[in-house]
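For reference, target14.pdb (PDB, C-alpha atoms and all ligand atoms):
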```
ATOM      1  CA  MET A   1      81.081  99.613 101.313
ATOM      2  CA  GLU A   2      78.747 102.600 100.888
ATOM      3  CA  ALA A   3      80.597 105.308 102.855
ATOM      4  CA  ILE A   4      84.049 105.989 104.239
ATOM      5  CA  LYS A   5      85.664 108.511 106.588
ATOM      6  CA  VAL A   6      89.265 109.442 105.811
ATOM      7  CA  PHE A   7      92.190 111.383 107.301
ATOM      8  CA  CYS A   8      93.853 113.584 104.662
ATOM      9  CA  PRO A   9      97.361 114.583 105.775
ATOM     10  CA  ALA A  10      98.937 118.011 105.559
ATOM     11  CA  THR A  11     102.112 117.935 103.482
ATOM     12  CA  ILE A  12     105.383 119.846 103.213
ATOM     13  CA  ALA A  13     106.402 120.331  99.588
ATOM     14  CA  ASN A  14     109.908 121.116  98.299
ATOM     15  CA  VAL A  15     111.661 120.188 101.596
ATOM     16  CA  SER A  16     114.358 122.814 100.897
ATOM     17  CA  CYS A  17     116.388 121.347  98.021
ATOM     18  CA  GLY A  18     113.567 119.562  96.123
ATOM     19  CA  PHE A  19     111.540 122.367  94.531
ATOM     20  CA  ASP A  20     108.470 120.874  92.772
ATOM     21  CA  VAL A  21     109.843 117.308  93.058
ATOM     22  CA  LEU A  22     109.901 116.346  96.750
ATOM     23  CA  GLY A  23     107.326 116.336  99.541
ATOM     24  CA  LEU A  24     106.478 114.657 102.826
ATOM     25  CA  ALA A  25     103.244 113.877 104.664
ATOM     26  CA  LEU A  26     102.543 114.761 108.305
ATOM     27  CA  GLU A  27     101.040 112.256 110.715
ATOM     28  CA  ASN A  28      98.841 114.337 113.010
ATOM     29  CA  VAL A  29      98.016 117.454 111.016
ATOM     30  CA  GLY A  30      95.285 117.121 108.420
ATOM     31  CA  ASP A  31      91.638 117.277 107.386
ATOM     32  CA  GLU A  32      88.858 114.737 107.721
ATOM     33  CA  MET A  33      86.442 113.856 104.989
ATOM     34  CA  GLU A  34      83.389 111.651 104.556
ATOM     35  CA  VAL A  35      82.553 110.287 101.138
ATOM     36  CA  ARG A  36      79.325 108.405 100.418
ATOM     37  CA  LYS A  37      78.090 106.622  97.285
ATOM     38  CA  THR A  38      74.861 107.947  95.763
ATOM     39  CA  GLU A  39      72.594 106.555  93.072
ATOM     40  CA  LYS A  40      72.465 109.994  91.501
ATOM     41  CA  PRO A  41      75.459 110.454  89.150
ATOM     42  CA  GLY A  42      77.969 113.271  89.655
ATOM     43  CA  ILE A  43      79.574 114.750  92.762
ATOM     44  CA  ARG A  44      77.949 116.933  95.420
ATOM     45  CA  ILE A  45      79.782 118.654  98.255
ATOM     46  CA  THR A  46      77.136 118.817 100.959
ATOM     47  CA  GLU A  47      79.036 120.345 103.887
ATOM     48  CA  ILE A  48      82.321 122.100 104.664
ATOM     49  CA  ILE A  49      83.147 122.667 108.336
ATOM     50  CA  GLY A  50      86.001 124.899 109.506
ATOM     51  CA  GLN A  51      86.729 127.160 106.512
ATOM     52  CA  GLU A  52      84.866 129.243 103.956
ATOM     53  CA  LEU A  53      85.293 127.340 100.697
ATOM     54  CA  PRO A  54      83.074 126.872  97.648
ATOM     55  CA  LEU A  55      80.522 124.052  97.711
ATOM     56  CA  GLU A  56      80.237 124.084  93.900
ATOM     57  CA  THR A  57      81.797 120.893  92.541
ATOM     58  CA  ASN A  58      83.724 122.722  89.816
ATOM     59  CA  LYS A  59      85.190 125.289  92.214
ATOM     60  CA  ASN A  60      86.281 122.923  94.971
ATOM     61  CA  VAL A  61      89.421 120.837  94.439
ATOM     62  CA  ALA A  62      87.713 117.810  96.032
ATOM     63  CA  GLY A  63      85.028 118.037  93.345
ATOM     64  CA  VAL A  64      87.398 118.622  90.436
ATOM     65  CA  ALA A  65      89.765 115.795  91.428
ATOM     66  CA  GLY A  66      86.787 113.490  92.002
ATOM     67  CA  LEU A  67      85.320 114.309  88.585
ATOM     68  CA  ALA A  68      88.665 113.399  86.967
ATOM     69  CA  LEU A  69      88.392 109.969  88.605
ATOM     70  CA  LEU A  70      84.711 109.526  87.700
ATOM     71  CA  LYS A  71      85.495 110.282  84.048
ATOM     72  CA  GLN A  72      87.900 107.320  83.912
ATOM     73  CA  SER A  73      85.684 104.878  85.813
ATOM     74  CA  ASN A  74      82.753 102.805  84.606
ATOM     75  CA  TYR A  75      80.708 103.515  87.763
ATOM     76  CA  ASP A  76      77.360 105.069  86.849
ATOM     77  CA  GLY A  77      76.422 106.419  90.301
ATOM     78  CA  GLY A  78      77.861 109.420  92.116
ATOM     79  CA  PHE A  79      79.310 110.626  95.426
ATOM     80  CA  GLU A  80      78.450 112.996  98.256
ATOM     81  CA  ILE A  81      81.332 114.650 100.127
ATOM     82  CA  LYS A  82      81.591 116.280 103.574
ATOM     83  CA  ILE A  83      84.821 118.101 104.424
ATOM     84  CA  ASN A  84      86.059 118.929 107.923
ATOM     85  CA  LYS A  85      88.735 121.468 107.005
ATOM     86  CA  LYS A  86      91.417 121.796 109.640
ATOM     87  CA  ILE A  87      94.260 122.978 107.353
ATOM     88  CA  LYS A  88      93.824 126.632 106.451
ATOM     89  CA  PRO A  89      93.869 127.299 102.691
ATOM     90  CA  GLY A  90      96.965 129.218 101.567
ATOM     91  CA  SER A  91      99.036 128.065 104.537
ATOM     92  CA  GLY A  92     101.697 126.287 102.498
ATOM     93  CA  ILE A  93     101.026 122.878 104.045
ATOM     94  CA  GLY A  94      98.921 121.436 101.278
ATOM     95  CA  SER A  95      95.366 122.434 102.149
ATOM     96  CA  SER A  96      94.113 121.904  98.605
ATOM     97  CA  ALA A  97      96.158 118.706  98.207
ATOM     98  CA  ALA A  98      94.538 117.229 101.332
ATOM     99  CA  SER A  99      91.044 117.656  99.845
ATOM    100  CA  SER A 100      92.007 116.457  96.354
ATOM    101  CA  THR A 101      93.724 113.429  97.791
ATOM    102  CA  GLY A 102      91.030 112.534 100.314
ATOM    103  CA  SER A 103      88.377 112.723  97.646
ATOM    104  CA  VAL A 104      89.996 110.430  95.073
ATOM    105  CA  TRP A 105      91.425 107.997  97.629
ATOM    106  CA  ALA A 106      88.040 107.560  99.333
ATOM    107  CA  MET A 107      86.230 107.091  95.996
ATOM    108  CA  ASN A 108      88.761 104.488  94.921
ATOM    109  CA  GLU A 109      88.200 102.545  98.164
ATOM    110  CA  LEU A 110      84.403 102.700  97.713
ATOM    111  CA  LEU A 111      84.692 101.438  94.130
ATOM    112  CA  GLY A 112      86.866  98.453  95.132
ATOM    113  CA  LYS A 113      90.270 100.008  94.293
ATOM    114  CA  PRO A 114      90.175 100.012  90.475
ATOM    115  CA  PHE A 115      92.937 102.658  90.268
ATOM    116  CA  SER A 116      96.642 102.549  91.203
ATOM    117  CA  LYS A 117      98.268 105.094  93.525
ATOM    118  CA  LEU A 118      99.932 106.682  90.509
ATOM    119  CA  GLU A 119      96.552 107.137  88.816
ATOM    120  CA  LEU A 120      95.142 108.648  92.020
ATOM    121  CA  VAL A 121      98.016 111.160  92.025
ATOM    122  CA  GLN A 122      97.115 112.081  88.444
ATOM    123  CA  PHE A 123      93.455 112.710  89.375
ATOM    124  CA  ALA A 124      94.417 114.692  92.483
ATOM    125  CA  MET A 125      96.758 116.857  90.364
ATOM    126  CA  GLU A 126      93.658 118.182  88.570
ATOM    127  CA  GLY A 127      92.614 119.649  91.941
ATOM    128  CA  GLU A 128      96.043 121.265  92.343
ATOM    129  CA  LYS A 129      95.648 122.795  88.903
ATOM    130  CA  LEU A 130      92.407 124.430  90.037
ATOM    131  CA  ALA A 131      94.013 125.755  93.250
ATOM    132  CA  SER A 132      97.237 127.165  91.809
ATOM    133  CA  ASN A 133      97.064 126.905  87.995
ATOM    134  CA  VAL A 134      99.913 124.386  88.101
ATOM    135  CA  ALA A 135      99.267 120.633  88.219
ATOM    136  CA  HIS A 136     102.146 120.004  90.624
ATOM    137  CA  ALA A 137     102.440 116.658  92.427
ATOM    138  CA  ASP A 138     104.818 117.397  95.306
ATOM    139  CA  ASN A 139     101.955 117.642  97.847
ATOM    140  CA  VAL A 140      99.538 115.042  96.476
ATOM    141  CA  ALA A 141     102.218 112.353  95.908
ATOM    142  CA  PRO A 142     103.312 112.164  99.579
ATOM    143  CA  ALA A 143      99.660 112.510 100.681
ATOM    144  CA  ILE A 144      98.812 109.371  98.668
ATOM    145  CA  PHE A 145     102.036 107.347  99.013
ATOM    146  CA  GLY A 146     102.852 108.444 102.611
ATOM    147  CA  GLY A 147     106.248 109.466 104.005
ATOM    148  CA  PHE A 148     108.576 111.215 101.573
ATOM    149  CA  ALA A 149     107.802 110.968  97.859
ATOM    150  CA  LEU A 150     109.942 112.080  94.917
ATOM    151  CA  VAL A 151     108.404 113.190  91.625
ATOM    152  CA  ARG A 152     111.248 111.943  89.414
ATOM    153  CA  SER A 153     109.456 113.030  86.249
ATOM    154  CA  TYR A 154     106.206 114.766  85.299
ATOM    155  CA  THR A 155     106.039 113.535  81.708
ATOM    156  CA  PRO A 156     105.547 110.672  82.107
ATOM    157  CA  LEU A 157     104.545 110.902  85.772
ATOM    158  CA  ASP A 158     107.019 108.855  87.819
ATOM    159  CA  ILE A 159     106.679 108.862  91.614
ATOM    160  CA  VAL A 160     109.362 107.265  93.781
ATOM    161  CA  PRO A 161     108.442 106.510  97.427
ATOM    162  CA  ILE A 162     111.391 107.382  99.682
ATOM    163  CA  ASN A 163     112.246 105.715 103.005
ATOM    164  CA  THR A 164     111.248 107.751 106.070
ATOM    165  CA  PRO A 165     113.569 107.422 109.079
ATOM    166  CA  PRO A 166     111.400 106.635 112.141
ATOM    167  CA  ALA A 167     112.845 109.319 114.435
ATOM    168  CA  LEU A 168     112.258 112.171 111.995
ATOM    169  CA  PHE A 169     109.844 114.846 113.264
ATOM    170  CA  ALA A 170     108.698 118.098 111.694
ATOM    171  CA  THR A 171     108.022 121.406 113.413
ATOM    172  CA  VAL A 172     105.817 123.710 111.337
ATOM    173  CA  ILE A 173     105.062 127.327 112.146
ATOM    174  CA  HIS A 174     102.333 129.119 110.209
ATOM    175  CA  PRO A 175     102.418 132.898 110.600
ATOM    176  CA  GLN A 176      98.918 134.180 109.798
ATOM    177  CA  ILE A 177      99.887 136.306 106.820
ATOM    178  CA  GLU A 178      98.595 135.782 103.317
ATOM    179  CA  ILE A 179     100.921 134.940 100.440
ATOM    180  CA  LYS A 180      99.218 134.055  97.194
ATOM    181  CA  THR A 181     100.731 130.958  95.560
ATOM    182  CA  SER A 182     100.633 132.889  92.268
ATOM    183  CA  ASP A 183     102.753 135.714  93.828
ATOM    184  CA  SER A 184     105.269 133.312  95.290
ATOM    185  CA  ARG A 185     105.569 131.658  91.860
ATOM    186  CA  LYS A 186     105.898 135.003  90.068
ATOM    187  CA  ILE A 187     108.913 135.944  92.175
ATOM    188  CA  LEU A 188     110.887 132.937  90.886
ATOM    189  CA  LYS A 189     113.398 133.223  88.047
ATOM    190  CA  THR A 190     113.215 130.961  85.008
ATOM    191  CA  SER A 191     116.938 130.142  85.033
ATOM    192  CA  ILE A 192     119.561 129.279  87.643
ATOM    193  CA  THR A 193     123.352 129.451  87.548
ATOM    194  CA  LEU A 194     125.317 126.263  86.957
ATOM    195  CA  GLU A 195     127.062 126.902  90.289
ATOM    196  CA  ASN A 196     123.751 126.897  92.173
ATOM    197  CA  GLY A 197     122.503 123.921  90.147
ATOM    198  CA  ILE A 198     125.529 121.888  91.231
ATOM    199  CA  LYS A 199     124.974 122.753  94.904
ATOM    200  CA  GLN A 200     121.243 122.027  94.633
ATOM    201  CA  TRP A 201     121.421 118.587  93.014
ATOM    202  CA  GLY A 202     124.289 117.660  95.343
ATOM    203  CA  ASN A 203     121.943 118.407  98.247
ATOM    204  CA  LEU A 204     118.942 116.619  96.749
ATOM    205  CA  GLY A 205     121.046 113.499  96.128
ATOM    206  CA  GLY A 206     122.454 113.827  99.669
ATOM    207  CA  LEU A 207     119.005 114.181 101.197
ATOM    208  CA  ILE A 208     117.635 111.107  99.401
ATOM    209  CA  ALA A 209     120.719 109.073 100.361
ATOM    210  CA  GLY A 210     120.416 110.298 103.968
ATOM    211  CA  LEU A 211     116.742 109.299 104.106
ATOM    212  CA  PHE A 212     117.459 105.789 102.825
ATOM    213  CA  THR A 213     120.484 105.195 105.057
ATOM    214  CA  GLU A 214     118.787 106.965 108.010
ATOM    215  CA  ASP A 215     121.866 109.163 108.374
ATOM    216  CA  TYR A 216     120.470 112.172 110.240
ATOM    217  CA  HIS A 217     123.690 114.203 109.866
ATOM    218  CA  LEU A 218     123.651 113.765 106.102
ATOM    219  CA  ILE A 219     119.951 114.768 106.047
ATOM    220  CA  GLY A 220     120.859 117.895 108.020
ATOM    221  CA  ARG A 221     123.806 118.835 105.750
ATOM    222  CA  SER A 222     121.583 118.462 102.688
ATOM    223  CA  LEU A 223     118.639 120.604 103.848
ATOM    224  CA  GLU A 224     119.781 123.777 102.099
ATOM    225  CA  ASP A 225     118.051 125.492  99.169
ATOM    226  CA  TYR A 226     120.151 127.663  96.839
ATOM    227  CA  VAL A 227     117.437 128.230  94.228
ATOM    228  CA  VAL A 228     114.055 129.200  95.664
ATOM    229  CA  GLU A 229     114.494 130.138  99.333
ATOM    230  CA  PRO A 230     116.752 133.175  98.691
ATOM    231  CA  LEU A 231     113.973 134.662  96.510
ATOM    232  CA  ARG A 232     110.869 133.570  98.406
ATOM    233  CA  SER A 233     112.061 134.121 101.954
ATOM    234  CA  ILE A 234     111.795 137.898 101.524
ATOM    235  CA  LEU A 235     107.992 137.460 101.382
ATOM    236  CA  ILE A 236     107.958 135.917 104.879
ATOM    237  CA  PRO A 237     108.600 138.338 107.744
ATOM    238  CA  GLY A 238     110.835 136.820 110.427
ATOM    239  CA  PHE A 239     112.064 133.971 108.190
ATOM    240  CA  ASN A 240     115.802 134.430 108.860
ATOM    241  CA  ASP A 241     115.201 134.756 112.588
ATOM    242  CA  VAL A 242     113.110 131.553 112.681
ATOM    243  CA  LYS A 243     115.751 129.663 110.701
ATOM    244  CA  THR A 244     118.626 130.796 112.923
ATOM    245  CA  LYS A 245     116.675 129.927 116.079
ATOM    246  CA  ALA A 246     115.647 126.492 114.729
ATOM    247  CA  ILE A 247     119.237 125.571 113.828
ATOM    248  CA  ASN A 248     120.580 126.919 117.146
ATOM    249  CA  ALA A 249     117.947 124.870 118.993
ATOM    250  CA  GLY A 250     119.281 121.714 117.295
ATOM    251  CA  ALA A 251     117.092 121.245 114.196
ATOM    252  CA  LEU A 252     118.661 119.277 111.335
ATOM    253  CA  GLY A 253     117.487 121.942 108.882
ATOM    254  CA  CYS A 254     114.824 124.568 108.294
ATOM    255  CA  GLY A 255     113.152 126.055 105.214
ATOM    256  CA  ILE A 256     109.961 127.297 103.578
ATOM    257  CA  SER A 257     107.066 124.827 103.458
ATOM    258  CA  GLY A 258     105.674 124.756  99.922
ATOM    259  CA  SER A 259     105.156 128.302  98.730
ATOM    260  CA  GLY A 260     104.955 129.596 102.323
ATOM    261  CA  PRO A 261     104.225 131.370 104.574
ATOM    262  CA  SER A 262     104.621 128.245 106.756
ATOM    263  CA  ILE A 263     108.195 127.435 107.751
ATOM    264  CA  PHE A 264     109.253 123.875 108.613
ATOM    265  CA  ALA A 265     112.163 122.406 110.534
ATOM    266  CA  LEU A 266     113.136 118.726 110.693
ATOM    267  CA  SER A 267     114.559 117.227 113.868
ATOM    268  CA  LYS A 268     115.717 113.865 115.181
ATOM    269  CA  GLY A 269     113.203 112.895 117.867
ATOM    270  CA  GLU A 270     110.004 114.431 119.193
ATOM    271  CA  GLU A 271     111.632 116.142 122.186
ATOM    272  CA  GLN A 272     114.049 117.934 119.879
ATOM    273  CA  ALA A 273     111.217 118.985 117.551
ATOM    274  CA  LYS A 274     109.287 120.391 120.545
ATOM    275  CA  LYS A 275     112.404 122.301 121.681
ATOM    276  CA  VAL A 276     112.595 123.846 118.193
ATOM    277  CA  ALA A 277     108.905 124.799 118.427
ATOM    278  CA  THR A 278     109.457 126.609 121.725
ATOM    279  CA  SER A 279     112.452 128.519 120.439
ATOM    280  CA  ILE A 280     110.924 129.685 117.117
ATOM    281  CA  ALA A 281     107.520 130.675 118.526
ATOM    282  CA  ASN A 282     108.780 133.922 120.062
ATOM    283  CA  THR A 283     109.808 135.321 116.661
ATOM    284  CA  TYR A 284     106.154 135.990 115.885
ATOM    285  CA  ASP A 285     105.341 136.914 119.493
ATOM    286  CA  ASN A 286     107.975 139.661 119.086
ATOM    287  CA  ILE A 287     106.756 140.824 115.652
ATOM    288  CA  GLY A 288     103.135 140.685 116.818
ATOM    289  CA  VAL A 289     101.926 138.258 114.138
ATOM    290  CA  ALA A 290      99.519 135.472 115.167
ATOM    291  CA  TYR A 291     100.674 131.938 114.328
ATOM    292  CA  ASP A 292      99.852 128.240 114.555
ATOM    293  CA  ILE A 293     102.550 125.772 115.437
ATOM    294  CA  HIS A 294     102.587 121.987 114.945
ATOM    295  CA  VAL A 295     104.964 119.197 115.882
ATOM    296  CA  SER A 296     104.366 115.983 113.953
ATOM    297  CA  LYS A 297     105.968 112.700 113.068
ATOM    298  CA  ILE A 298     106.342 112.093 109.353
ATOM    299  CA  CYS A 299     103.359 109.986 108.323
ATOM    300  CA  SER A 300     104.477 106.682 106.842
ATOM    301  CA  LYS A 301     101.017 105.816 105.521
ATOM    302  CA  GLY A 302      99.541 109.005 104.019
ATOM    303  CA  VAL A 303      95.779 109.282 103.461
ATOM    304  CA  LYS A 304      93.952 106.591 105.441
ATOM    305  CA  GLU A 305      90.579 105.392 106.654
ATOM    306  CA  ILE A 306      89.397 106.564 110.073
ATOM    307  CA  LYS A 307      87.411 103.870 111.855
ATOM    308  CA  ASN A 308      84.788 105.207 114.247
TER     309      ASN A 308
HETATM  310  P1  LIG B 401      98.279 125.595 100.509
HETATM  311  O1  LIG B 401      99.119 126.827 100.315
HETATM  312  O2  LIG B 401      97.951 125.331 101.933
HETATM  313  O3  LIG B 401      98.871 124.428  99.815
HETATM  314  P2  LIG B 401      96.759 126.050  98.284
HETATM  315  O4  LIG B 401      97.307 127.387  97.873
HETATM  316  O5  LIG B 401      97.271 124.827  97.610
HETATM  317  O6  LIG B 401      96.899 125.895  99.844
HETATM  318  O7  LIG B 401      95.194 126.034  98.025
HETATM  319  C1  LIG B 401      94.359 127.031  98.410
HETATM  320  C2  LIG B 401      93.458 127.462  97.241
HETATM  321  O8  LIG B 401      92.629 126.394  96.766
HETATM  322  C3  LIG B 401      92.527 128.553  97.717
HETATM  323  O9  LIG B 401      92.399 129.486  96.667
HETATM  324  C4  LIG B 401      91.212 127.822  97.935
HETATM  325  O10 LIG B 401      90.084 128.666  97.782
HETATM  326  C5  LIG B 401      91.241 126.746  96.851
HETATM  327  N1  LIG B 401      90.422 125.569  97.205
HETATM  328  C6  LIG B 401      89.369 125.078  96.529
HETATM  329  N2  LIG B 401      88.880 123.983  97.135
HETATM  330  C7  LIG B 401      89.622 123.770  98.235
HETATM  331  C8  LIG B 401      89.590 122.797  99.268
HETATM  332  N3  LIG B 401      88.694 121.812  99.307
HETATM  333  N4  LIG B 401      90.529 122.886 100.229
HETATM  334  C9  LIG B 401      91.441 123.878 100.211
HETATM  335  N5  LIG B 401      91.515 124.827  99.272
HETATM  336  C10 LIG B 401      90.619 124.786  98.275
END
```
Can you dump the structure from the file as structure tokens?
Amino acid sequence: MEAIKVFCPATIANVSCGFDVLGLALENVGDEMEVRKTEKPGIRITEIIGQELPLETNKNVAGVAGLALLKQSNYDGGFEIKINKKIKPGSGIGSSAASSTGSVWAMNELLGKPFSKLELVQFAMEGEKLASNVAHADNVAPAIFGGFALVRSYTPLDIVPINTPPALFATVIHPQIEIKTSDSRKILKTSITLENGIKQWGNLGGLIAGLFTEDYHLIGRSLEDYVVEPLRSILIPGFNDVKTKAINAGALGCGISGSGPSIFALSKGEEQAKKVATSIANTYDNIGVAYDIHVSKICSKGVKEIKN
């Protein structure tokens, strides 16, 4: 195979109680990418449609993640990349992770799959490091493994794929305000109280158990964040209003997607997720902030080939 076209899913990191360790992939929100083998060594990004992003290999996460893979492979050619960017950078739904993931996954396919999924996560994390200075895996792991993925440990990297109940749908609202990932990291404290720690790991355990047993009520009870949301939510205008409306409309839970400003809600069933979308949309109509809104199934497969 000389070339491949891939779908690179948007992802929701943290999922309320799993700061930096849990993420999920969306099924119908994401970028597209074309990767082609070239005789010339190295990586060239030849076209980016949809967003203003650097074409320079070293400044684009797709290039940096791809170079990390090339360094470990014995392939002496190179790659050309085209990106159709549908996820806005800085939205909090894994824009950079989609490009890092698409790049390394596509290259691995074209080279005959020499690398494991875990290795691909490691390469893609180099892209995340470029985007936010932190090589976090909670977006790239679900983008590569699909569904929910838990980063049990960073050193050594240990990714645990988590069962995704089939009726689980996400509603994501993206108010068009800019929050720099570095600012939303700066606002965090370096320590938490034991009391909050106990509540948080109770919820994370509950959420994982709920996902495996497909117990939607347990999932709902566990979607509460005592550590990060109280600090970060003040950066997102309308957050409390959106959360109250989502829960009142029947969502299982609602929280900040990644470092924001996107807000996600999880629901049982597509109709319910659409009802949540309708009821939260008017928060930003009332404030006068433009927004995008998505309703999506959780993607069980993650990054995948698109056949023309
Ligand atoms: P999100 O908040 O949606 O996860 P990130 O904050 O992770 O987005 O990434 C956005 C940052 O990464 C921006 O500074 C952007 O310029 C940079 N970047 C570099 N290459 C890419 C790319 N291919 N796709 C998206 N962002 C990129």
Selection near segment 77-79 of chain A, 9 Å with all atoms listed in the file, sequence-local residues under 6 positions removed, as an NGL selection string = :A and (35-45 or 66 or 70 or 107)
Dump as a short mmCIF file (atom, residue, chain, number, x, y, z; two decimals), in the coordinates of the input, selection limited to C-alpha atoms:
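The result, stored in again.cif:
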```
data_model
loop_
_atom_site.label_atom_id
_atom_site.label_comp_id
_atom_site.auth_asym_id
_atom_site.auth_seq_id
_atom_site.Cartn_x
_atom_site.Cartn_y
_atom_site.Cartn_z
CA VAL A 35 82.55 110.29 101.14
CA ARG A 36 79.32 108.40 100.42
CA LYS A 37 78.09 106.62 97.28
CA THR A 38 74.86 107.95 95.76
CA GLU A 39 72.59 106.56 93.07
CA LYS A 40 72.46 109.99 91.50
CA PRO A 41 75.46 110.45 89.15
CA GLY A 42 77.97 113.27 89.66
CA ILE A 43 79.57 114.75 92.76
CA ARG A 44 77.95 116.93 95.42
CA ILE A 45 79.78 118.65 98.26
CA GLY A 66 86.79 113.49 92.00
CA LEU A 70 84.71 109.53 87.70
CA MET A 107 86.23 107.09 96.00
#
```
Name all residues at most 12 Å from Val29 of chain A (count all atoms listed in the file; drop same-chain ones fewer than 6 positions away) and give them as a PyMOL selection string.
-> chain A and resi 7-12+85-88+93-95+98+143+170-172+292-299+302-303
Would you list the residues that come within 8 Å of ligand LIG 401 (chain B)? Count only C-alpha atoms and all ligand atoms and give the answer as number ranges by chain.
-> A: 53-54, 59-63, 83, 85, 87-100, 127-128, 130-132, 139, 180-181, 258-260
Picked residues, the PyMOL selection byres (((chain A and resi 277) around 12) and not hetatm), as a PyMOL selection string | chain A and resi 169-174+242-243+245-251+254+263-267+270-276+278-284+291-296
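The list of residues within 8 Å of (113.2, 132.5, 93.0), counted using only C-alpha atoms, is Arg185, Ile187, Leu188, Lys189, Val227, Val228, Glu229, Pro230, Leu231 and Arg232 of chain A.
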Once the PyMOL selection byres (((chain A and resi 68) around 9) and not hetatm) has been applied to the shown file, what residues remain in the selection, as a PyMOL selection string?
-> chain A and resi 63-67+69-72+104+122-124+126-127
With C-alpha atoms kept, could you save the residues just selected as a PDB file, keeping the file's coordinate frame?
```pdb
ATOM      1  CA  GLY A  63      85.028 118.037  93.345  1.00  0.00           C
ATOM      2  CA  VAL A  64      87.398 118.622  90.436  1.00  0.00           C
ATOM      3  CA  ALA A  65      89.765 115.795  91.428  1.00  0.00           C
ATOM      4  CA  GLY A  66      86.787 113.490  92.002  1.00  0.00           C
ATOM      5  CA  LEU A  67      85.320 114.309  88.585  1.00  0.00           C
ATOM      6  CA  LEU A  69      88.392 109.969  88.605  1.00  0.00           C
ATOM      7  CA  LEU A  70      84.711 109.526  87.700  1.00  0.00           C
ATOM      8  CA  LYS A  71      85.495 110.282  84.048  1.00  0.00           C
ATOM      9  CA  GLN A  72      87.900 107.320  83.912  1.00  0.00           C
ATOM     10  CA  VAL A 104      89.996 110.430  95.073  1.00  0.00           C
ATOM     11  CA  GLN A 122      97.115 112.081  88.444  1.00  0.00           C
ATOM     12  CA  PHE A 123      93.455 112.710  89.375  1.00  0.00           C
ATOM     13  CA  ALA A 124      94.417 114.692  92.483  1.00  0.00           C
ATOM     14  CA  GLU A 126      93.658 118.182  88.570  1.00  0.00           C
ATOM     15  CA  GLY A 127      92.614 119.649  91.941  1.00  0.00           C
TER      16      GLY A 127
END
```
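Taking atom CA of Gly23 of chain A and atom CA of Val134 of chain A as the two end points, the separation is 15.8 Å.
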Could you tell me how far atom CA of Asn74 of chain A lies from atom CA of Met1 of chain A, in Å and to one decimal?
-> 17.1 Å
Determine the residue membership of the PyMOL selection byres (((chain A and resi 15) around 8) and not hetatm) for the file above and supply it as an MDAnalysis selection string.
-> chainID A and resid 12:14 16:19 22:24 223 255:258
note - atom CA of Lys268 of chain A and atom CA of Ile144 of chain A are separated by 24.1 Å
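Checking A:Val289, A:Leu235, A:Ala106, A:Ile162 one by one against Phe212 of chain A, counting all atoms listed in the file, you find the shortest gap at A:Ile162.
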Kindly compute an axis-aligned box around the listed atoms of segment 163-167 of chain A, allowing 5 Å on each side, and express its centre and edge lengths in Å to one decimal as lines of an AutoDock Vina configuration file.
```
center_x = 112.4
center_y = 107.5
center_z = 108.7
size_x = 12.3
size_y = 13.6
size_z = 21.4
```
